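Pasting my_file-v3.txt here (compact mmCIF, N, CA, C and O atoms):
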# COMPACT_ATOMS: atom_id res chain seq x y z
N MET V 30 74.37 151.45 127.28
CA MET V 30 74.64 150.06 127.51
C MET V 30 74.92 149.39 126.16
O MET V 30 74.25 149.68 125.18
N GLN V 31 75.90 148.50 126.12
CA GLN V 31 76.22 147.77 124.90
C GLN V 31 76.04 146.28 125.13
O GLN V 31 76.31 145.77 126.21
N GLU V 32 75.58 145.62 124.06
CA GLU V 32 75.45 144.17 124.12
C GLU V 32 75.65 143.62 122.71
O GLU V 32 75.43 144.32 121.72
N THR V 33 76.07 142.38 122.63
CA THR V 33 76.23 141.71 121.34
C THR V 33 74.95 140.96 121.03
O THR V 33 74.43 140.25 121.89
N ILE V 34 74.46 141.13 119.80
CA ILE V 34 73.24 140.45 119.39
C ILE V 34 73.47 139.77 118.04
O ILE V 34 74.42 140.07 117.34
N ILE V 35 72.56 138.86 117.69
CA ILE V 35 72.64 138.12 116.44
C ILE V 35 71.40 138.45 115.60
O ILE V 35 70.28 138.42 116.09
N PHE V 36 71.63 138.79 114.33
CA PHE V 36 70.57 139.04 113.36
C PHE V 36 70.63 137.98 112.28
O PHE V 36 71.69 137.42 111.99
N SER V 37 69.52 137.78 111.60
CA SER V 37 69.51 137.01 110.36
C SER V 37 69.75 138.01 109.24
O SER V 37 69.23 139.12 109.26
N GLY V 38 70.54 137.61 108.25
CA GLY V 38 70.83 138.48 107.14
C GLY V 38 70.82 137.72 105.84
O GLY V 38 70.70 136.49 105.82
N THR V 39 70.96 138.45 104.75
CA THR V 39 71.01 137.85 103.42
C THR V 39 72.21 138.42 102.67
O THR V 39 72.38 139.64 102.62
N ILE V 40 73.01 137.54 102.11
CA ILE V 40 74.16 137.94 101.29
C ILE V 40 73.74 137.79 99.83
O ILE V 40 73.24 136.73 99.43
N ILE V 41 73.95 138.86 99.06
CA ILE V 41 73.57 138.87 97.65
C ILE V 41 74.76 139.30 96.80
O ILE V 41 75.43 140.28 97.13
N GLY V 42 75.00 138.57 95.72
CA GLY V 42 76.05 138.97 94.78
C GLY V 42 76.70 137.78 94.13
O GLY V 42 76.56 136.64 94.58
N GLU V 43 77.43 138.03 93.04
CA GLU V 43 78.14 136.99 92.30
C GLU V 43 77.21 135.83 91.96
O GLU V 43 77.60 134.67 92.01
N GLY V 44 75.95 136.18 91.64
CA GLY V 44 74.98 135.16 91.27
C GLY V 44 74.46 134.33 92.43
O GLY V 44 73.83 133.29 92.22
N GLN V 45 74.72 134.77 93.64
CA GLN V 45 74.33 134.03 94.84
C GLN V 45 73.35 134.84 95.69
O GLN V 45 73.36 136.07 95.66
N ARG V 46 72.54 134.14 96.45
CA ARG V 46 71.68 134.74 97.46
C ARG V 46 71.60 133.71 98.58
O ARG V 46 70.97 132.66 98.41
N VAL V 47 72.27 134.00 99.71
CA VAL V 47 72.31 133.03 100.81
C VAL V 47 71.94 133.71 102.13
O VAL V 47 72.23 134.89 102.34
N GLU V 48 71.32 132.94 102.98
CA GLU V 48 70.98 133.41 104.32
C GLU V 48 72.19 133.23 105.21
O GLU V 48 72.97 132.29 105.04
N CYS V 49 72.35 134.13 106.18
CA CYS V 49 73.48 134.04 107.10
C CYS V 49 73.07 134.62 108.46
O CYS V 49 72.01 135.21 108.61
N GLU V 50 73.94 134.43 109.42
CA GLU V 50 73.79 135.08 110.72
C GLU V 50 74.85 136.16 110.83
O GLU V 50 75.97 135.99 110.36
N VAL V 51 74.45 137.27 111.45
CA VAL V 51 75.32 138.42 111.58
C VAL V 51 75.38 138.84 113.04
O VAL V 51 74.35 139.00 113.69
N ARG V 52 76.58 139.02 113.54
CA ARG V 52 76.78 139.50 114.91
C ARG V 52 76.97 141.01 114.85
O ARG V 52 77.66 141.53 113.96
N ALA V 53 76.35 141.73 115.78
CA ALA V 53 76.46 143.19 115.81
C ALA V 53 76.49 143.67 117.26
O ALA V 53 76.13 142.93 118.18
N THR V 54 76.89 144.92 117.43
CA THR V 54 76.87 145.55 118.74
C THR V 54 75.66 146.46 118.81
O THR V 54 75.47 147.30 117.94
N LYS V 55 74.85 146.28 119.83
CA LYS V 55 73.69 147.13 120.06
C LYS V 55 74.03 148.08 121.19
O LYS V 55 74.42 147.66 122.28
N THR V 56 73.91 149.38 120.93
CA THR V 56 74.19 150.41 121.94
C THR V 56 72.89 151.15 122.23
O THR V 56 72.25 151.66 121.31
N THR V 57 72.52 151.17 123.50
CA THR V 57 71.31 151.87 123.92
C THR V 57 71.69 152.94 124.93
O THR V 57 72.34 152.66 125.93
N LEU V 58 71.29 154.17 124.64
CA LEU V 58 71.50 155.28 125.57
C LEU V 58 70.14 155.65 126.16
O LEU V 58 69.11 155.43 125.54
N ASP V 59 70.13 156.21 127.33
CA ASP V 59 68.88 156.54 128.01
C ASP V 59 67.94 157.33 127.10
O ASP V 59 68.29 158.39 126.60
N GLY V 60 66.74 156.78 126.87
CA GLY V 60 65.71 157.47 126.12
C GLY V 60 65.90 157.49 124.62
O GLY V 60 65.04 157.99 123.90
N ASP V 61 67.00 156.96 124.10
CA ASP V 61 67.25 156.96 122.66
C ASP V 61 66.93 155.60 122.05
O ASP V 61 66.92 154.58 122.75
N ARG V 62 66.71 155.60 120.74
CA ARG V 62 66.55 154.34 120.03
C ARG V 62 67.90 153.65 119.99
O ARG V 62 68.94 154.30 119.93
N PRO V 63 67.92 152.33 119.99
CA PRO V 63 69.20 151.62 119.94
C PRO V 63 69.91 151.85 118.61
O PRO V 63 69.28 152.01 117.56
N LEU V 64 71.23 151.86 118.66
CA LEU V 64 72.08 151.95 117.48
C LEU V 64 72.78 150.61 117.29
O LEU V 64 73.19 149.99 118.27
N PHE V 65 72.92 150.19 116.04
CA PHE V 65 73.58 148.93 115.75
C PHE V 65 74.83 149.21 114.94
O PHE V 65 74.80 149.99 113.99
N SER V 66 75.93 148.59 115.30
CA SER V 66 77.20 148.83 114.62
C SER V 66 78.04 147.56 114.65
O SER V 66 77.70 146.59 115.33
N GLY V 67 79.13 147.60 113.93
CA GLY V 67 80.09 146.50 113.96
C GLY V 67 79.54 145.19 113.43
O GLY V 67 79.82 144.13 113.98
N TYR V 68 78.77 145.26 112.34
CA TYR V 68 78.21 144.03 111.77
C TYR V 68 79.34 143.10 111.32
O TYR V 68 80.27 143.50 110.64
N ARG V 69 79.23 141.82 111.70
CA ARG V 69 80.20 140.81 111.29
C ARG V 69 79.44 139.56 110.85
O ARG V 69 78.60 139.04 111.59
N ILE V 70 79.73 139.10 109.65
CA ILE V 70 79.10 137.89 109.15
C ILE V 70 79.72 136.70 109.87
O ILE V 70 80.95 136.58 109.96
N MET V 71 78.88 135.84 110.39
CA MET V 71 79.35 134.66 111.09
C MET V 71 79.58 133.56 110.06
O MET V 71 78.73 133.29 109.22
N GLU V 72 80.76 132.95 110.11
CA GLU V 72 81.10 131.89 109.17
C GLU V 72 80.20 130.68 109.39
O GLU V 72 79.83 130.36 110.52
N SER V 73 79.84 130.04 108.30
CA SER V 73 79.03 128.82 108.34
C SER V 73 79.40 127.99 107.12
O SER V 73 80.16 128.43 106.25
N ASP V 74 78.83 126.79 107.01
CA ASP V 74 79.06 125.97 105.83
C ASP V 74 78.60 126.68 104.56
O ASP V 74 79.22 126.57 103.52
N VAL V 75 77.51 127.45 104.67
CA VAL V 75 76.96 128.16 103.51
C VAL V 75 77.88 129.32 103.10
O VAL V 75 78.20 129.47 101.92
N THR V 76 78.32 130.13 104.05
CA THR V 76 79.17 131.28 103.70
C THR V 76 80.55 130.82 103.23
O THR V 76 81.18 131.49 102.42
N ALA V 77 81.02 129.69 103.72
CA ALA V 77 82.33 129.18 103.32
C ALA V 77 82.37 128.81 101.83
O ALA V 77 83.44 128.80 101.23
N LYS V 78 81.20 128.56 101.25
CA LYS V 78 81.13 128.18 99.83
C LYS V 78 81.11 129.39 98.90
O LYS V 78 81.20 129.22 97.68
N LEU V 79 81.00 130.59 99.44
CA LEU V 79 80.96 131.78 98.59
C LEU V 79 82.32 132.01 97.93
O LEU V 79 83.36 131.90 98.58
N LEU V 80 82.28 132.35 96.65
CA LEU V 80 83.51 132.64 95.91
C LEU V 80 84.01 134.04 96.25
O LEU V 80 83.24 134.88 96.72
N ASP V 81 85.27 134.29 96.01
CA ASP V 81 85.79 135.65 96.15
C ASP V 81 85.04 136.55 95.18
O ASP V 81 84.72 136.15 94.06
N GLY V 82 84.72 137.77 95.61
CA GLY V 82 84.00 138.70 94.76
C GLY V 82 83.34 139.78 95.58
O GLY V 82 83.62 139.94 96.78
N ASN V 83 82.46 140.54 94.94
CA ASN V 83 81.76 141.65 95.58
C ASN V 83 80.33 141.26 95.94
O ASN V 83 79.63 140.65 95.12
N TYR V 84 79.91 141.63 97.15
CA TYR V 84 78.61 141.24 97.68
C TYR V 84 77.97 142.41 98.41
O TYR V 84 78.62 143.40 98.72
N GLU V 85 76.69 142.23 98.73
CA GLU V 85 75.97 143.13 99.62
C GLU V 85 75.34 142.30 100.71
O GLU V 85 74.89 141.17 100.47
N LEU V 86 75.30 142.86 101.90
CA LEU V 86 74.67 142.23 103.04
C LEU V 86 73.42 143.02 103.38
O LEU V 86 73.49 144.23 103.59
N LEU V 87 72.28 142.34 103.42
CA LEU V 87 71.03 142.96 103.83
C LEU V 87 70.72 142.45 105.24
O LEU V 87 70.53 141.26 105.45
N VAL V 88 70.70 143.39 106.20
CA VAL V 88 70.43 143.01 107.58
C VAL V 88 69.85 144.21 108.32
O VAL V 88 70.29 145.34 108.12
N ASN V 89 68.85 143.96 109.14
CA ASN V 89 68.26 145.01 109.97
C ASN V 89 67.87 146.25 109.15
O ASN V 89 68.13 147.38 109.55
N ARG V 90 67.29 146.00 107.98
CA ARG V 90 66.85 147.08 107.07
C ARG V 90 67.99 147.96 106.56
O ARG V 90 67.78 149.09 106.17
N GLU V 91 69.20 147.46 106.63
CA GLU V 91 70.36 148.19 106.13
C GLU V 91 71.06 147.36 105.07
O GLU V 91 71.01 146.13 105.10
N ARG V 92 71.74 148.04 104.17
CA ARG V 92 72.48 147.38 103.10
C ARG V 92 73.95 147.79 103.25
O ARG V 92 74.27 148.97 103.29
N THR V 93 74.83 146.79 103.30
CA THR V 93 76.26 147.03 103.45
C THR V 93 77.00 146.32 102.32
O THR V 93 76.71 145.16 102.03
N ARG V 94 77.95 147.01 101.72
CA ARG V 94 78.76 146.40 100.67
C ARG V 94 80.02 145.80 101.28
O ARG V 94 80.61 146.35 102.20
N PHE V 95 80.41 144.64 100.75
CA PHE V 95 81.65 144.02 101.20
C PHE V 95 82.18 143.14 100.10
O PHE V 95 81.51 142.88 99.10
N SER V 96 83.39 142.70 100.27
CA SER V 96 83.98 141.76 99.32
C SER V 96 84.46 140.53 100.09
O SER V 96 84.61 140.56 101.30
N ARG V 97 84.65 139.49 99.35
CA ARG V 97 85.23 138.28 99.92
C ARG V 97 86.54 138.06 99.17
O ARG V 97 86.55 137.99 97.93
N ASP V 98 87.62 137.99 99.90
CA ASP V 98 88.95 137.85 99.30
C ASP V 98 89.73 136.82 100.09
O ASP V 98 89.89 136.97 101.32
N ALA V 99 90.17 135.78 99.42
CA ALA V 99 90.91 134.69 100.05
C ALA V 99 90.13 134.12 101.24
O ALA V 99 90.70 133.79 102.27
N GLY V 100 88.79 134.06 101.08
CA GLY V 100 87.95 133.47 102.12
C GLY V 100 87.63 134.38 103.28
O GLY V 100 87.03 133.95 104.26
N ARG V 101 88.01 135.66 103.19
CA ARG V 101 87.74 136.61 104.28
C ARG V 101 86.75 137.66 103.80
O ARG V 101 86.81 138.11 102.66
N PHE V 102 85.85 138.08 104.70
CA PHE V 102 84.91 139.15 104.42
C PHE V 102 85.55 140.48 104.74
O PHE V 102 86.06 140.68 105.84
N LEU V 103 85.54 141.42 103.78
CA LEU V 103 86.14 142.74 103.96
C LEU V 103 85.12 143.80 103.57
O LEU V 103 84.50 143.70 102.50
N SER V 104 84.95 144.82 104.41
CA SER V 104 84.02 145.88 104.05
C SER V 104 84.62 146.70 102.92
O SER V 104 85.84 146.77 102.74
N ARG V 105 83.73 147.33 102.13
CA ARG V 105 84.20 148.20 101.04
C ARG V 105 83.29 149.41 100.98
O ARG V 105 82.10 149.33 101.29
N PRO V 106 83.84 150.54 100.59
CA PRO V 106 83.05 151.78 100.58
C PRO V 106 82.02 151.79 99.46
O PRO V 106 82.16 151.06 98.48
N TYR V 107 81.03 152.64 99.63
CA TYR V 107 80.00 152.83 98.59
C TYR V 107 80.52 153.75 97.53
O TYR V 107 81.34 154.55 97.67
Target format structure tokens, applied to this file:
Amino acid sequence: MQETIIFSGTIIGEGQRVECEVRATKTTLDGDRPLFSGYRIMESDVTAKLLDGNYELLVNRERTRFSRDAGRFLSRPY
């Protein structure tokens, strides 16, 4: 079963540390622990103020690297 859920997250980088909301897909299979994928930072007044640059997202005990370019969040490899 899949469902969309919202997590609280923290964006760190470029001298910034801001709280944000993150939308993700939760997939649960019979008897298994849920898997979370497709993390997307939800735009807000706070995230809109972030400068272009490299950041990390801390959410659900996971760390994801991304960049902000021309006001858009883009994932980047480790």
Taking the backbone alone, and naming residues the way the document does, which bits of region 38-107 of chain V are strand (DSSP E) by DSSP, as a PyMOL selection string? chain V and resi 38-42+45-56+64-70+82-88+91-98+101-104
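The nearest approach to Ala77 (chain V) among the residues V:Gly100, V:Gln45, V:Thr93, V:Ala53, with only N, CA, C and O atoms taken into account, belongs to V:Gly100.
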Atom O of Gly42 (chain V) to atom C of Arg90 (chain V): how many Å, to one decimal?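 Separating atom O of Gly42 (chain V) from atom C of Arg90 (chain V) is a distance of 18.6 Å.
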From the set V:Arg97, V:Phe102, V:Val88, V:Met30, which residue has the shortest atom-to-atom contact distance to Thr56 (chain V), counting all atoms listed in the file?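 Counting all atoms listed in the file, the residue closest to Thr56 (chain V) is V:Met30.
For chain V, the set of residues given alpha helix (DSSP H) by DSSP on the backbone reads Asp74, Val75, Thr76 and Ala77 of chain V.
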Which of these, V:Arg92, V:Lys78, V:Arg101, V:Arg52, has the shortest distance to Thr39 (chain V) once you count only C-alpha atoms?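 Going through V:Arg92, V:Lys78, V:Arg101, V:Arg52 one by one, the smallest distance to Thr39 (chain V) is for V:Arg92.
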Select, from V:Tyr84, V:Ile34, V:Cys49, V:Ile41, the residue with the minimum atom-to-atom distance to Gly67 (chain V), counting only C-alpha atoms.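 Comparing V:Tyr84, V:Ile34, V:Cys49, V:Ile41 against Gly67 (chain V), the winner is V:Ile34.
Remark: for Ser96 (chain V), the closest of the candidate residues V:Leu58, V:Val75, V:Leu80, V:Val47 is V:Leu80 (distances computed over all atoms listed in the file).
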Name the closest residue to Glu72 (chain V) among the candidates V:Glu32, V:Glu50, V:Asp98, V:Glu43; distances are taken between atoms, counting all atoms listed in the file.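 Closest to Glu72 (chain V) of all the choices is V:Glu50.
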Just the number, please: distance in Å from CA of Met71 (chain V) to CA of Glu48 (chain V), one decimal.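 About the pair CA of Met71 (chain V) and CA of Glu48 (chain V): they are 10.8 Å apart.
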Work out how far CA of Asp61 (chain V) is from atom O of Leu87 (chain V), in Å to one decimal.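 So the two atoms, atom O of Leu87 (chain V) and CA of Asp61 (chain V), lie 23.5 Å apart.
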